[in-house]
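S.K.: Input my_file.json, format and content: JSON, C-alpha atoms (C1' of nucleotides).
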[["chain", "number", "residue", "atom", "x", "y", "z"],
["K", 1, "MET", "CA", -33.22, -100.30, 182.76],
["K", 2, "ASN", "CA", -29.88, -98.54, 183.04],
["K", 3, "GLN", "CA", -28.60, -96.84, 179.94],
["K", 4, "SER", "CA", -25.20, -98.33, 180.55],
["K", 5, "MET", "CA", -24.19, -101.52, 182.21],
["K", 6, "THR", "CA", -20.79, -103.04, 182.72],
["K", 7, "TYR", "CA", -20.08, -106.46, 181.34],
["K", 8, "GLU", "CA", -19.89, -107.86, 184.87],
["K", 9, "GLU", "CA", -23.29, -106.41, 185.65],
["K", 10, "PHE", "CA", -24.62, -107.89, 182.42],
["K", 11, "GLN", "CA", -23.23, -111.30, 183.34],
["K", 12, "ARG", "CA", -25.01, -111.12, 186.67],
["K", 13, "ARG", "CA", -28.30, -109.83, 185.41],
["K", 14, "VAL", "CA", -28.59, -111.92, 182.28],
["K", 15, "SER", "CA", -29.08, -114.89, 184.58],
["K", 16, "SER", "CA", -32.07, -113.28, 186.19],
["K", 17, "VAL", "CA", -35.28, -112.73, 184.33],
["K", 18, "ILE", "CA", -34.91, -108.96, 184.37],
["K", 19, "LEU", "CA", -33.77, -108.58, 180.82],
["K", 20, "THR", "CA", -36.58, -110.45, 179.15],
["K", 21, "GLU", "CA", -39.50, -110.59, 181.53],
["K", 22, "ASN", "CA", -40.53, -106.97, 181.31],
["K", 23, "GLY", "CA", -41.15, -107.14, 177.59],
["K", 24, "ASN", "CA", -38.43, -104.57, 177.11],
["K", 25, "CYS", "CA", -35.55, -106.83, 176.25],
["K", 26, "PRO", "CA", -32.67, -104.92, 174.60],
["K", 27, "VAL", "CA", -31.42, -108.01, 172.76],
["K", 28, "THR", "CA", -34.28, -109.80, 171.03],
["K", 29, "PRO", "CA", -35.49, -106.89, 168.87],
["K", 30, "VAL", "CA", -31.94, -106.18, 167.72],
["K", 31, "ILE", "CA", -31.46, -109.79, 166.73],
["K", 32, "GLN", "CA", -34.64, -109.64, 164.74],
["K", 33, "MET", "CA", -33.71, -106.37, 163.07],
["K", 34, "LEU", "CA", -30.44, -107.84, 161.83],
["K", 35, "GLN", "CA", -31.94, -111.04, 160.48],
["K", 36, "GLY", "CA", -31.57, -111.95, 156.86],
["K", 37, "LYS", "CA", -28.81, -113.38, 154.80],
["K", 38, "TRP", "CA", -27.09, -110.11, 153.96],
["K", 39, "LYS", "CA", -27.78, -107.38, 156.49],
["K", 40, "LEU", "CA", -24.96, -108.05, 158.92],
["K", 41, "GLN", "CA", -22.55, -108.59, 156.08],
["K", 42, "ILE", "CA", -23.51, -105.30, 154.46],
["K", 43, "ILE", "CA", -23.05, -103.42, 157.71],
["K", 44, "TYR", "CA", -19.73, -105.12, 158.24],
["K", 45, "GLU", "CA", -18.52, -104.17, 154.77],
["K", 46, "LEU", "CA", -19.51, -100.59, 155.50],
["K", 47, "CYS", "CA", -17.55, -100.79, 158.75],
["K", 48, "ILE", "CA", -14.51, -101.73, 156.74],
["K", 49, "GLN", "CA", -15.00, -99.11, 154.07],
["K", 50, "SER", "CA", -17.42, -96.24, 153.94],
["K", 51, "PRO", "CA", -18.87, -94.77, 151.84],
["K", 52, "MET", "CA", -19.24, -97.45, 149.24],
["K", 53, "ARG", "CA", -20.99, -97.35, 145.92],
["K", 54, "PHE", "CA", -23.71, -99.84, 145.04],
["K", 55, "GLY", "CA", -21.45, -101.60, 142.57],
["K", 56, "GLU", "CA", -18.57, -101.85, 145.04],
["K", 57, "LEU", "CA", -20.81, -103.38, 147.67],
["K", 58, "LYS", "CA", -22.14, -105.80, 145.11],
["K", 59, "LYS", "CA", -18.65, -106.88, 144.18],
["K", 60, "MET", "CA", -17.62, -107.37, 147.81],
["K", 61, "LEU", "CA", -20.72, -109.41, 148.54],
["K", 62, "THR", "CA", -20.60, -111.60, 145.44],
["K", 63, "PRO", "CA", -22.74, -113.61, 144.71],
["K", 64, "ILE", "CA", -25.45, -111.26, 145.95],
["K", 65, "THR", "CA", -28.00, -110.20, 143.34],
["K", 66, "ASN", "CA", -29.14, -106.67, 142.56],
["K", 67, "THR", "CA", -32.54, -107.37, 144.03],
["K", 68, "MET", "CA", -31.23, -108.70, 147.31],
["K", 69, "LEU", "CA", -28.75, -105.89, 147.77],
["K", 70, "THR", "CA", -31.34, -103.25, 146.92],
["K", 71, "ASN", "CA", -33.90, -104.72, 149.32],
["K", 72, "ALA", "CA", -31.47, -105.14, 152.17],
["K", 73, "LEU", "CA", -30.13, -101.61, 151.75],
["K", 74, "LYS", "CA", -33.65, -100.21, 151.73],
["K", 75, "GLU", "CA", -34.48, -101.98, 154.95],
["K", 76, "LEU", "CA", -31.24, -100.90, 156.59],
["K", 77, "GLU", "CA", -31.96, -97.34, 155.50],
["K", 78, "GLY", "CA", -35.46, -97.68, 156.89],
["K", 79, "ASP", "CA", -34.01, -98.80, 160.21],
["K", 80, "GLY", "CA", -31.73, -95.78, 160.20],
["K", 81, "LEU", "CA", -28.51, -97.78, 160.06],
["K", 82, "VAL", "CA", -27.41, -96.82, 156.57],
["K", 83, "HIS", "CA", -27.41, -93.52, 154.74],
["K", 84, "ARG", "CA", -27.98, -93.30, 151.01],
["K", 85, "GLU", "CA", -26.53, -90.42, 149.07],
["K", 86, "GLN", "CA", -27.50, -90.06, 145.47],
["K", 87, "TYR", "CA", -25.56, -87.90, 143.01],
["K", 88, "ASN", "CA", -27.39, -86.85, 139.91],
["K", 89, "GLU", "CA", -24.75, -87.73, 137.40],
["K", 90, "ILE", "CA", -24.77, -89.82, 134.31],
["K", 91, "PRO", "CA", -24.05, -92.67, 134.70],
["K", 92, "PRO", "CA", -25.65, -92.56, 138.16],
["K", 93, "ARG", "CA", -23.63, -92.66, 141.34],
["K", 94, "VAL", "CA", -25.03, -93.65, 144.72],
["K", 95, "GLU", "CA", -22.97, -93.91, 147.87],
["K", 96, "TYR", "CA", -23.89, -95.82, 150.96],
["K", 97, "SER", "CA", -22.46, -95.15, 154.39],
["K", 98, "LEU", "CA", -23.22, -96.02, 157.98],
["K", 99, "THR", "CA", -25.12, -93.63, 160.16],
["K", 100, "GLU", "CA", -23.98, -93.13, 163.75],
["K", 101, "LYS", "CA", -26.62, -95.69, 164.71],
["K", 102, "GLY", "CA", -25.03, -98.11, 162.29],
["K", 103, "ARG", "CA", -21.47, -97.36, 163.33],
["K", 104, "ASP", "CA", -22.48, -98.06, 166.92],
["K", 105, "LEU", "CA", -22.77, -101.70, 165.94],
["K", 106, "LEU", "CA", -18.99, -101.87, 165.68],
["K", 107, "PRO", "CA", -18.60, -103.31, 169.22],
["K", 108, "VAL", "CA", -20.84, -106.16, 168.15],
["K", 109, "PHE", "CA", -18.50, -106.98, 165.30],
["K", 110, "TYR", "CA", -15.56, -106.64, 167.63],
["K", 111, "ALA", "CA", -17.09, -109.20, 169.99],
["K", 112, "ILE", "CA", -17.81, -111.47, 167.06],
["K", 113, "SER", "CA", -14.26, -111.13, 165.78],
["K", 114, "GLN", "CA", -12.86, -112.00, 169.20],
["K", 115, "TRP", "CA", -14.95, -115.14, 169.22],
["K", 116, "GLY", "CA", -13.97, -115.91, 165.66],
["K", 117, "MET", "CA", -10.26, -115.53, 166.36],
["K", 118, "LYS", "CA", -10.57, -117.97, 169.23],
["K", 119, "TYR", "CA", -12.67, -120.61, 167.54],
["K", 120, "ILE", "CA", -12.28, -120.39, 163.79],
["K", 121, "PRO", "CA", -9.34, -122.43, 162.59],
["U", 1, "MET", "CA", -3.72, -112.67, 163.07],
["U", 2, "ASN", "CA", -3.42, -111.95, 166.74],
["U", 3, "GLN", "CA", -5.36, -114.15, 169.10],
["U", 4, "SER", "CA", -6.47, -111.04, 170.97],
["U", 5, "MET", "CA", -6.95, -107.51, 169.85],
["U", 6, "THR", "CA", -8.09, -104.49, 171.76],
["U", 7, "TYR", "CA", -11.16, -102.65, 170.62],
["U", 8, "GLU", "CA", -9.01, -99.69, 169.59],
["U", 9, "GLU", "CA", -6.84, -101.95, 167.52],
["U", 10, "PHE", "CA", -9.94, -103.46, 165.97],
["U", 11, "GLN", "CA", -11.25, -100.01, 165.10],
["U", 12, "ARG", "CA", -8.00, -99.21, 163.37],
["U", 13, "ARG", "CA", -7.62, -102.47, 161.53],
["U", 14, "VAL", "CA", -11.20, -102.98, 160.47],
["U", 15, "SER", "CA", -10.71, -100.04, 158.14],
["U", 16, "SER", "CA", -7.87, -101.75, 156.40],
["U", 17, "VAL", "CA", -8.35, -104.76, 154.24],
["U", 18, "ILE", "CA", -6.49, -107.04, 156.62],
["U", 19, "LEU", "CA", -9.49, -108.66, 158.18],
["U", 20, "THR", "CA", -11.18, -109.82, 155.03],
["U", 21, "GLU", "CA", -8.59, -109.88, 152.29],
["U", 22, "ASN", "CA", -6.67, -112.92, 153.45],
["U", 23, "GLY", "CA", -9.70, -115.18, 153.29],
["U", 24, "ASN", "CA", -9.42, -115.71, 157.01],
["U", 25, "CYS", "CA", -11.96, -113.21, 158.24],
["U", 26, "PRO", "CA", -12.99, -113.87, 161.85],
["U", 27, "VAL", "CA", -16.38, -112.23, 161.39],
["U", 28, "THR", "CA", -18.08, -113.50, 158.23],
["U", 29, "PRO", "CA", -18.10, -117.23, 159.10],
["U", 30, "VAL", "CA", -19.48, -116.48, 162.55],
["U", 31, "ILE", "CA", -22.27, -114.40, 161.08],
["U", 32, "GLN", "CA", -23.12, -117.25, 158.76],
["U", 33, "MET", "CA", -23.00, -119.83, 161.54],
["U", 34, "LEU", "CA", -25.52, -117.87, 163.56],
["U", 35, "GLN", "CA", -27.95, -117.28, 160.73],
["U", 36, "GLY", "CA", -31.51, -118.45, 160.95],
["U", 37, "LYS", "CA", -34.58, -117.27, 162.71],
["U", 38, "TRP", "CA", -33.97, -119.06, 166.00],
["U", 39, "LYS", "CA", -30.30, -119.78, 166.64],
["U", 40, "LEU", "CA", -29.31, -116.54, 168.33],
["U", 41, "GLN", "CA", -32.49, -116.54, 170.36],
["U", 42, "ILE", "CA", -31.88, -120.08, 171.57],
["U", 43, "ILE", "CA", -28.33, -119.27, 172.60],
["U", 44, "TYR", "CA", -29.54, -116.16, 174.35],
["U", 45, "GLU", "CA", -32.17, -118.10, 176.27],
["U", 46, "LEU", "CA", -29.48, -120.53, 177.34],
["U", 47, "CYS", "CA", -27.36, -117.59, 178.47],
["U", 48, "ILE", "CA", -30.22, -116.54, 180.70],
["U", 49, "GLN", "CA", -30.94, -119.99, 182.04],
["U", 50, "SER", "CA", -28.98, -123.18, 181.63],
["U", 51, "PRO", "CA", -29.61, -126.06, 181.50],
["U", 52, "MET", "CA", -33.05, -125.99, 180.03],
["U", 53, "ARG", "CA", -35.32, -128.80, 179.02],
["U", 54, "PHE", "CA", -36.70, -129.07, 175.51],
["U", 55, "GLY", "CA", -40.16, -128.14, 176.70],
["U", 56, "GLU", "CA", -38.95, -125.14, 178.66],
["U", 57, "LEU", "CA", -37.07, -123.81, 175.68],
["U", 58, "LYS", "CA", -40.11, -124.34, 173.53],
["U", 59, "LYS", "CA", -42.27, -122.38, 175.93],
["U", 60, "MET", "CA", -39.79, -119.50, 176.10],
["U", 61, "LEU", "CA", -39.54, -119.34, 172.33],
["U", 62, "THR", "CA", -43.24, -119.61, 171.59],
["U", 63, "PRO", "CA", -44.41, -119.76, 168.82],
["U", 64, "ILE", "CA", -41.53, -121.99, 167.70],
["U", 65, "THR", "CA", -42.52, -125.45, 166.48],
["U", 66, "ASN", "CA", -41.06, -128.79, 167.53],
["U", 67, "THR", "CA", -39.44, -129.23, 164.17],
["U", 68, "MET", "CA", -37.76, -125.83, 164.13],
["U", 69, "LEU", "CA", -36.48, -126.16, 167.68],
["U", 70, "THR", "CA", -35.19, -129.67, 167.07],
["U", 71, "ASN", "CA", -33.42, -128.66, 163.88],
["U", 72, "ALA", "CA", -31.86, -125.55, 165.33],
["U", 73, "LEU", "CA", -30.67, -127.41, 168.43],
["U", 74, "LYS", "CA", -29.14, -130.13, 166.28],
["U", 75, "GLU", "CA", -27.22, -127.59, 164.25],
["U", 76, "LEU", "CA", -26.07, -125.74, 167.35],
["U", 77, "GLU", "CA", -24.94, -129.02, 168.82],
["U", 78, "GLY", "CA", -23.17, -129.83, 165.58],
["U", 79, "ASP", "CA", -21.35, -126.51, 165.79],
["U", 80, "GLY", "CA", -20.32, -127.30, 169.33],
["U", 81, "LEU", "CA", -22.20, -124.43, 170.90],
["U", 82, "VAL", "CA", -24.82, -126.45, 172.73],
["U", 83, "HIS", "CA", -24.59, -129.63, 174.78],
["U", 84, "ARG", "CA", -27.39, -132.16, 174.85],
["U", 85, "GLU", "CA", -27.80, -134.40, 177.88],
["U", 86, "GLN", "CA", -30.33, -137.15, 177.68],
["U", 87, "TYR", "CA", -31.63, -138.95, 180.76],
["U", 88, "ASN", "CA", -33.19, -142.31, 180.19],
["U", 89, "GLU", "CA", -36.34, -141.81, 182.18],
["U", 90, "ILE", "CA", -39.97, -142.17, 181.37],
["U", 91, "PRO", "CA", -41.29, -139.74, 180.32],
["U", 92, "PRO", "CA", -38.04, -138.70, 178.67],
["U", 93, "ARG", "CA", -35.95, -135.82, 179.92],
["U", 94, "VAL", "CA", -33.40, -133.97, 177.84],
["U", 95, "GLU", "CA", -31.45, -130.98, 179.03],
["U", 96, "TYR", "CA", -29.70, -128.45, 176.86],
["U", 97, "SER", "CA", -26.88, -126.23, 178.03],
["U", 98, "LEU", "CA", -24.21, -124.03, 176.49],
["U", 99, "THR", "CA", -20.73, -125.35, 175.99],
["U", 100, "GLU", "CA", -17.80, -123.08, 176.78],
["U", 101, "LYS", "CA", -17.73, -122.23, 173.09],
["U", 102, "GLY", "CA", -21.35, -121.19, 173.34],
["U", 103, "ARG", "CA", -20.92, -119.28, 176.57],
["U", 104, "ASP", "CA", -18.11, -117.34, 174.94],
["U", 105, "LEU", "CA", -20.73, -115.65, 172.80],
["U", 106, "LEU", "CA", -21.91, -113.75, 175.86],
["U", 107, "PRO", "CA", -19.85, -110.64, 174.99],
["U", 108, "VAL", "CA", -21.67, -110.53, 171.67],
["U", 109, "PHE", "CA", -24.98, -110.36, 173.47],
["U", 110, "TYR", "CA", -23.58, -107.78, 175.81],
["U", 111, "ALA", "CA", -22.59, -105.59, 172.87],
["U", 112, "ILE", "CA", -26.02, -106.10, 171.34],
["U", 113, "SER", "CA", -27.72, -105.19, 174.61],
["U", 114, "GLN", "CA", -25.68, -102.01, 174.88],
["U", 115, "TRP", "CA", -26.79, -101.01, 171.43],
["U", 116, "GLY", "CA", -30.36, -101.99, 172.21],
["U", 117, "MET", "CA", -30.45, -99.93, 175.38],
["U", 118, "LYS", "CA", -29.25, -96.92, 173.44],
["U", 119, "TYR", "CA", -31.52, -97.20, 170.44],
["U", 120, "ILE", "CA", -34.61, -99.20, 171.32],
["U", 121, "PRO", "CA", -37.34, -97.01, 172.74],
["O", 1, "DT", "C1'", -57.97, -150.32, 180.21],
["O", 2, "DC", "C1'", -57.44, -145.55, 179.46],
["O", 3, "DT", "C1'", -54.99, -141.34, 179.91],
["O", 4, "DA", "C1'", -51.20, -138.36, 180.57],
["O", 5, "DT", "C1'", -46.46, -137.45, 180.24],
["O", 6, "DT", "C1'", -41.94, -135.82, 177.18],
["O", 7, "DG", "C1'", -39.05, -135.20, 173.39],
["O", 8, "DG", "C1'", -39.13, -135.75, 169.63],
["O", 9, "DT", "C1'", -40.07, -137.71, 164.03],
["O", 10, "DA", "C1'", -42.64, -137.91, 159.58],
["O", 11, "DT", "C1'", -45.41, -135.97, 156.23],
["O", 12, "DG", "C1'", -47.04, -132.71, 153.32],
["O", 13, "DG", "C1'", -48.33, -128.04, 152.49],
["O", 14, "DT", "C1'", -47.74, -122.98, 152.70],
["O", 15, "DT", "C1'", -45.20, -118.94, 153.01],
["O", 16, "DT", "C1'", -41.12, -116.37, 152.75],
["O", 17, "DT", "C1'", -36.49, -115.76, 150.67],
["O", 18, "DT", "C1'", -33.74, -115.86, 147.24],
["O", 19, "DC", "C1'", -32.40, -116.19, 142.40],
["O", 20, "DG", "C1'", -32.20, -115.45, 137.09],
["O", 21, "DT", "C1'", -33.19, -112.91, 133.51],
["O", 22, "DA", "C1'", -34.54, -109.07, 131.04],
["O", 23, "DC", "C1'", -35.04, -104.35, 130.95],
["O", 24, "DC", "C1'", -34.65, -99.05, 131.75],
["O", 25, "DA", "C1'", -32.67, -93.99, 131.65],
["O", 26, "DG", "C1'", -29.56, -90.74, 129.57],
["O", 27, "DA", "C1'", -25.10, -89.08, 128.48],
["O", 28, "DT", "C1'", -20.67, -90.22, 126.35],
["O", 29, "DA", "C1'", -17.41, -92.39, 123.20],
["O", 30, "DC", "C1'", -16.84, -94.78, 118.96],
["T", 1, "DG", "C1'", -26.39, -95.45, 115.01],
["T", 2, "DT", "C1'", -24.60, -98.30, 118.47],
["T", 3, "DA", "C1'", -22.35, -99.86, 122.56],
["T", 4, "DT", "C1'", -21.12, -98.67, 127.35],
["T", 5, "DC", "C1'", -21.66, -97.02, 131.86],
["T", 6, "DT", "C1'", -24.51, -97.34, 136.71],
["T", 7, "DG", "C1'", -28.04, -98.24, 139.90],
["T", 8, "DG", "C1'", -31.46, -100.00, 139.98],
["T", 9, "DT", "C1'", -36.90, -102.42, 138.79],
["T", 10, "DA", "C1'", -40.12, -106.10, 137.33],
["T", 11, "DC", "C1'", -41.35, -110.54, 136.75],
["T", 12, "DG", "C1'", -41.70, -115.32, 137.42],
["T", 13, "DA", "C1'", -39.40, -119.45, 139.05],
["T", 14, "DA", "C1'", -36.82, -122.04, 142.29],
["T", 15, "DA", "C1'", -35.25, -122.94, 146.77],
["T", 16, "DA", "C1'", -35.36, -122.62, 151.44],
["T", 17, "DA", "C1'", -37.62, -121.83, 155.56],
["T", 18, "DC", "C1'", -41.37, -122.51, 158.10],
["T", 19, "DC", "C1'", -45.73, -124.53, 159.85],
["T", 20, "DA", "C1'", -49.71, -127.77, 161.35],
["T", 21, "DT", "C1'", -50.92, -132.04, 162.22],
["T", 22, "DA", "C1'", -50.58, -136.66, 163.39],
["T", 23, "DC", "C1'", -47.98, -140.00, 165.52],
["T", 24, "DC", "C1'", -44.55, -142.76, 168.57],
["T", 25, "DA", "C1'", -42.31, -145.10, 172.88],
["T", 26, "DA", "C1'", -42.81, -146.68, 177.52],
["T", 27, "DT", "C1'", -44.20, -146.05, 182.07],
["T", 28, "DA", "C1'", -47.14, -144.31, 185.93],
["T", 29, "DG", "C1'", -51.43, -143.47, 187.81],
["T", 30, "DA", "C1'", -56.58, -143.65, 187.87]]
Before we go any further, please render this structure as C-alpha cells.
M.R.:
Amino acid sequence: MNQSMTYEEFQRRVSSVILTENGNCPVTPVIQMLQGKWKLQIIYELCIQSPMRFGELKKMLTPITNTMLTNALKELEGDGLVHREQYNEIPPRVEYSLTEKGRDLLPVFYAISQWGMKYIP
Amino acid sequence: MNQSMTYEEFQRRVSSVILTENGNCPVTPVIQMLQGKWKLQIIYELCIQSPMRFGELKKMLTPITNTMLTNALKELEGDGLVHREQYNEIPPRVEYSLTEKGRDLLPVFYAISQWGMKYIP
DNA sequence: TCTATTGGTATGGTTTTTCGTACCAGATAC
DNA sequence: GTATCTGGTACGAAAAACCATACCAATAGA
C-alpha cells in the first residue's frame, strides 16, 4: 500500500476491499490500540500541553484514579506514543510528553474537532 | 468557536486552553461517543460498504456476538450516525447504512489510516 | 410435517475494566 | 516528632462489558 494517499484516493479505495482484505488494514489496529476509556483523552491533553506532570494530568482528567492513569500511561509508553521523564528529586517529579509518533495523531484530533464543531451543539 | 478551522489554526489553538476551557470542547464528547469495542469498527465497515445487512456486518466483525452488534447498532442509531431500514419480508431483512452525520466521520478514518500507514509494520 | 431462513431477544454467567482505599519513600518545614 | 509533598503500588470490591446458549416469528420449500 502507498505510504501516502490523498483524501480523494482514500474515499475511492475505502469502498473497495483493498484496505481490509489483505489483512494489512491501516485502520483497525490503530482503533484497537487507542481503545480504553482514557487513552485518547490523555493523548489529547498532551497535545494541548506538553510536557505534563502526573498530577497535572490527573487534575485535567478528573475523576480518573491513580491506577487508571498509571496503567494507561504505561500502555501508551509501551506503544511508543508517550515519553516518560523521571527526575530524581524529592518529592518526585515525572513529566510526560508525546513522542513524534504520538504527536502524529494530531490530524486525527483535528478531524474529530471538525466533526465536533459541525455536530455538537 | 469557528465552524471551520484550518489544520494550521488547529495546531496553534490546540496549544492554548481555548478548546477545552470553555466547557465546549469539540473533541472530548466525540471521543466519548465513539467509545466501546465495536462502534468505530462498525462505522468503518459501513464506510467500506453501505448498506449492509445485519448478517453481513456480523460476518465482517467476527467474532462479535448478536447481542453486542445489536446494542452497538442501537446506540449508533440513537446518536444519529447509522440508519436502520427494515423490510417486512420473511425471512426478515434489515439494512444498515451511514447517515450523513456518520459519513462525515470519514476524514477521521482517513487521518487514522495515514497514521497507520506510517507506523504499522 | 419438518427444516431452513433472518434478525434479533432473554437469560445468566464469566471476564475485563474500573474504582476506593490504604499505603510507601524520603526530604523539608514546622 | 509530625505533617506535607509527589508519583505511584497493592489489594479487594464493584461495575461494566462481554459472551454462550437457547429461543422466537412466519413463511417457503422438501
S.K.: Report as a Markdown table: every residue of chain U with an atom at most 10 Å from chain T, its closest pair of atoms, and their distance in Å to one decimal, counting all atoms listed in the file, with rows sorted by chain and ascending residue number.
M.R.:
| residue | atom | partner | partner_atom | distance |
| --- | --- | --- | --- | --- |
| U:Gly36 | CA | T:DA17 | C1' | 8.8 |
| U:Lys37 | CA | T:DA17 | C1' | 9.0 |
| U:Ile64 | CA | T:DC19 | C1' | 9.3 |
| U:Thr65 | CA | T:DC19 | C1' | 7.4 |
| U:Asn66 | CA | T:DC19 | C1' | 9.9 |
| U:Thr67 | CA | T:DC19 | C1' | 9.0 |
| U:Met68 | CA | T:DC18 | C1' | 7.8 |
| U:Glu89 | CA | T:DT27 | C1' | 8.9 |
| U:Ile90 | CA | T:DT27 | C1' | 5.8 |
| U:Pro91 | CA | T:DT27 | C1' | 7.2 |
| U:Pro92 | CA | T:DA26 | C1' | 9.4 |
S.K.: Write out chain U, as a tab-separated table (two decimals) with C-alpha atoms, keeping the file's coordinate frame, after superposing it onto chain K by least squares using every C-alpha atom paired in order.
M.R.:
chain	number	residue	atom	x	y	z
U	1	MET	CA	-33.18	-100.21	182.73
U	2	ASN	CA	-29.85	-98.50	182.95
U	3	GLN	CA	-28.58	-96.77	179.86
U	4	SER	CA	-25.18	-98.35	180.46
U	5	MET	CA	-24.18	-101.52	182.16
U	6	THR	CA	-20.79	-103.02	182.68
U	7	TYR	CA	-20.07	-106.45	181.31
U	8	GLU	CA	-19.90	-107.83	184.85
U	9	GLU	CA	-23.27	-106.37	185.62
U	10	PHE	CA	-24.61	-107.85	182.41
U	11	GLN	CA	-23.25	-111.26	183.35
U	12	ARG	CA	-25.02	-111.05	186.67
U	13	ARG	CA	-28.30	-109.74	185.39
U	14	VAL	CA	-28.61	-111.86	182.28
U	15	SER	CA	-29.14	-114.80	184.59
U	16	SER	CA	-32.11	-113.17	186.18
U	17	VAL	CA	-35.33	-112.65	184.36
U	18	ILE	CA	-34.97	-108.88	184.34
U	19	LEU	CA	-33.82	-108.53	180.79
U	20	THR	CA	-36.63	-110.39	179.12
U	21	GLU	CA	-39.52	-110.51	181.54
U	22	ASN	CA	-40.57	-106.89	181.29
U	23	GLY	CA	-41.17	-107.08	177.56
U	24	ASN	CA	-38.43	-104.54	177.06
U	25	CYS	CA	-35.54	-106.81	176.22
U	26	PRO	CA	-32.66	-104.92	174.58
U	27	VAL	CA	-31.42	-108.01	172.76
U	28	THR	CA	-34.29	-109.81	171.03
U	29	PRO	CA	-35.48	-106.91	168.83
U	30	VAL	CA	-31.93	-106.21	167.71
U	31	ILE	CA	-31.43	-109.83	166.75
U	32	GLN	CA	-34.61	-109.69	164.73
U	33	MET	CA	-33.67	-106.41	163.07
U	34	LEU	CA	-30.41	-107.88	161.85
U	35	GLN	CA	-31.88	-111.09	160.51
U	36	GLY	CA	-31.48	-112.06	156.91
U	37	LYS	CA	-28.71	-113.45	154.84
U	38	TRP	CA	-27.06	-110.15	153.96
U	39	LYS	CA	-27.75	-107.42	156.50
U	40	LEU	CA	-24.91	-108.09	158.92
U	41	GLN	CA	-22.50	-108.62	156.07
U	42	ILE	CA	-23.47	-105.33	154.46
U	43	ILE	CA	-23.02	-103.44	157.71
U	44	TYR	CA	-19.69	-105.13	158.24
U	45	GLU	CA	-18.50	-104.18	154.77
U	46	LEU	CA	-19.49	-100.60	155.51
U	47	CYS	CA	-17.53	-100.79	158.76
U	48	ILE	CA	-14.49	-101.73	156.73
U	49	GLN	CA	-14.99	-99.12	154.06
U	50	SER	CA	-17.42	-96.25	153.94
U	51	PRO	CA	-18.87	-94.77	151.84
U	52	MET	CA	-19.25	-97.41	149.22
U	53	ARG	CA	-21.01	-97.32	145.90
U	54	PHE	CA	-23.72	-99.80	145.03
U	55	GLY	CA	-21.46	-101.54	142.56
U	56	GLU	CA	-18.58	-101.79	145.00
U	57	LEU	CA	-20.79	-103.32	147.63
U	58	LYS	CA	-22.14	-105.75	145.09
U	59	LYS	CA	-18.65	-106.82	144.12
U	60	MET	CA	-17.60	-107.32	147.75
U	61	LEU	CA	-20.69	-109.37	148.48
U	62	THR	CA	-20.58	-111.53	145.37
U	63	PRO	CA	-22.67	-113.57	144.65
U	64	ILE	CA	-25.41	-111.23	145.91
U	65	THR	CA	-27.97	-110.17	143.31
U	66	ASN	CA	-29.16	-106.65	142.53
U	67	THR	CA	-32.54	-107.37	144.01
U	68	MET	CA	-31.21	-108.74	147.29
U	69	LEU	CA	-28.74	-105.90	147.74
U	70	THR	CA	-31.35	-103.28	146.92
U	71	ASN	CA	-33.87	-104.78	149.31
U	72	ALA	CA	-31.44	-105.19	152.16
U	73	LEU	CA	-30.11	-101.65	151.74
U	74	LYS	CA	-33.64	-100.27	151.73
U	75	GLU	CA	-34.45	-102.05	154.96
U	76	LEU	CA	-31.21	-100.95	156.58
U	77	GLU	CA	-31.94	-97.41	155.51
U	78	GLY	CA	-35.44	-97.75	156.89
U	79	ASP	CA	-33.98	-98.85	160.21
U	80	GLY	CA	-31.70	-95.85	160.21
U	81	LEU	CA	-28.49	-97.83	160.07
U	82	VAL	CA	-27.42	-96.86	156.58
U	83	HIS	CA	-27.41	-93.54	154.76
U	84	ARG	CA	-28.01	-93.31	151.04
U	85	GLU	CA	-26.57	-90.39	149.10
U	86	GLN	CA	-27.56	-90.02	145.51
U	87	TYR	CA	-25.64	-87.82	143.08
U	88	ASN	CA	-27.48	-86.75	140.00
U	89	GLU	CA	-24.85	-87.62	137.45
U	90	ILE	CA	-24.87	-89.72	134.36
U	91	PRO	CA	-24.18	-92.57	134.75
U	92	PRO	CA	-25.76	-92.47	138.20
U	93	ARG	CA	-23.73	-92.57	141.37
U	94	VAL	CA	-25.08	-93.60	144.74
U	95	GLU	CA	-23.01	-93.88	147.87
U	96	TYR	CA	-23.91	-95.82	150.97
U	97	SER	CA	-22.45	-95.15	154.39
U	98	LEU	CA	-23.21	-96.05	157.99
U	99	THR	CA	-25.11	-93.66	160.18
U	100	GLU	CA	-23.96	-93.18	163.76
U	101	LYS	CA	-26.59	-95.73	164.72
U	102	GLY	CA	-25.01	-98.15	162.29
U	103	ARG	CA	-21.46	-97.39	163.33
U	104	ASP	CA	-22.46	-98.10	166.91
U	105	LEU	CA	-22.75	-101.74	165.95
U	106	LEU	CA	-18.97	-101.91	165.68
U	107	PRO	CA	-18.57	-103.34	169.21
U	108	VAL	CA	-20.83	-106.19	168.16
U	109	PHE	CA	-18.49	-107.03	165.32
U	110	TYR	CA	-15.55	-106.69	167.64
U	111	ALA	CA	-17.08	-109.23	170.01
U	112	ILE	CA	-17.82	-111.52	167.09
U	113	SER	CA	-14.26	-111.20	165.81
U	114	GLN	CA	-12.87	-112.06	169.23
U	115	TRP	CA	-14.95	-115.19	169.28
U	116	GLY	CA	-13.98	-115.98	165.70
U	117	MET	CA	-10.28	-115.62	166.41
U	118	LYS	CA	-10.61	-118.03	169.30
U	119	TYR	CA	-12.71	-120.68	167.62
U	120	ILE	CA	-12.30	-120.50	163.87
U	121	PRO	CA	-9.37	-122.56	162.68
S.K.: What are the nearest atom pairs, with distances in Å to one decimal, for all residues of chain O that come at most 9 Å from chain U, using all atoms listed in the file, set out by chain and rising residue number as a Markdown table?
M.R.:
| residue | atom | partner | partner_atom | distance |
| --- | --- | --- | --- | --- |
| O:DT5 | C1' | U:Pro91 | CA | 5.7 |
| O:DT6 | C1' | U:Pro91 | CA | 5.1 |
| O:DG7 | C1' | U:Pro92 | CA | 6.4 |
| O:DG8 | C1' | U:Asn66 | CA | 7.5 |
| O:DT9 | C1' | U:Thr67 | CA | 8.5 |
S.K.: Determine, for each residue of region 39-81 of chain K having at least one atom at most 9 Å from an atom of region 102-109 of chain K, the closest pair of atoms and their separation in Å to one decimal, counting all atoms listed in the file; order by chain and ascending number, as CSV.
M.R.:
residue,atom,partner,partner_atom,distance
K:Ile43,CA,K:Gly102,CA,7.3
K:Tyr44,CA,K:Phe109,CA,7.4
K:Leu46,CA,K:Arg103,CA,8.7
K:Cys47,CA,K:Arg103,CA,6.9
K:Leu76,CA,K:Gly102,CA,8.9
K:Gly80,CA,K:Gly102,CA,7.4
K:Leu81,CA,K:Gly102,CA,4.1
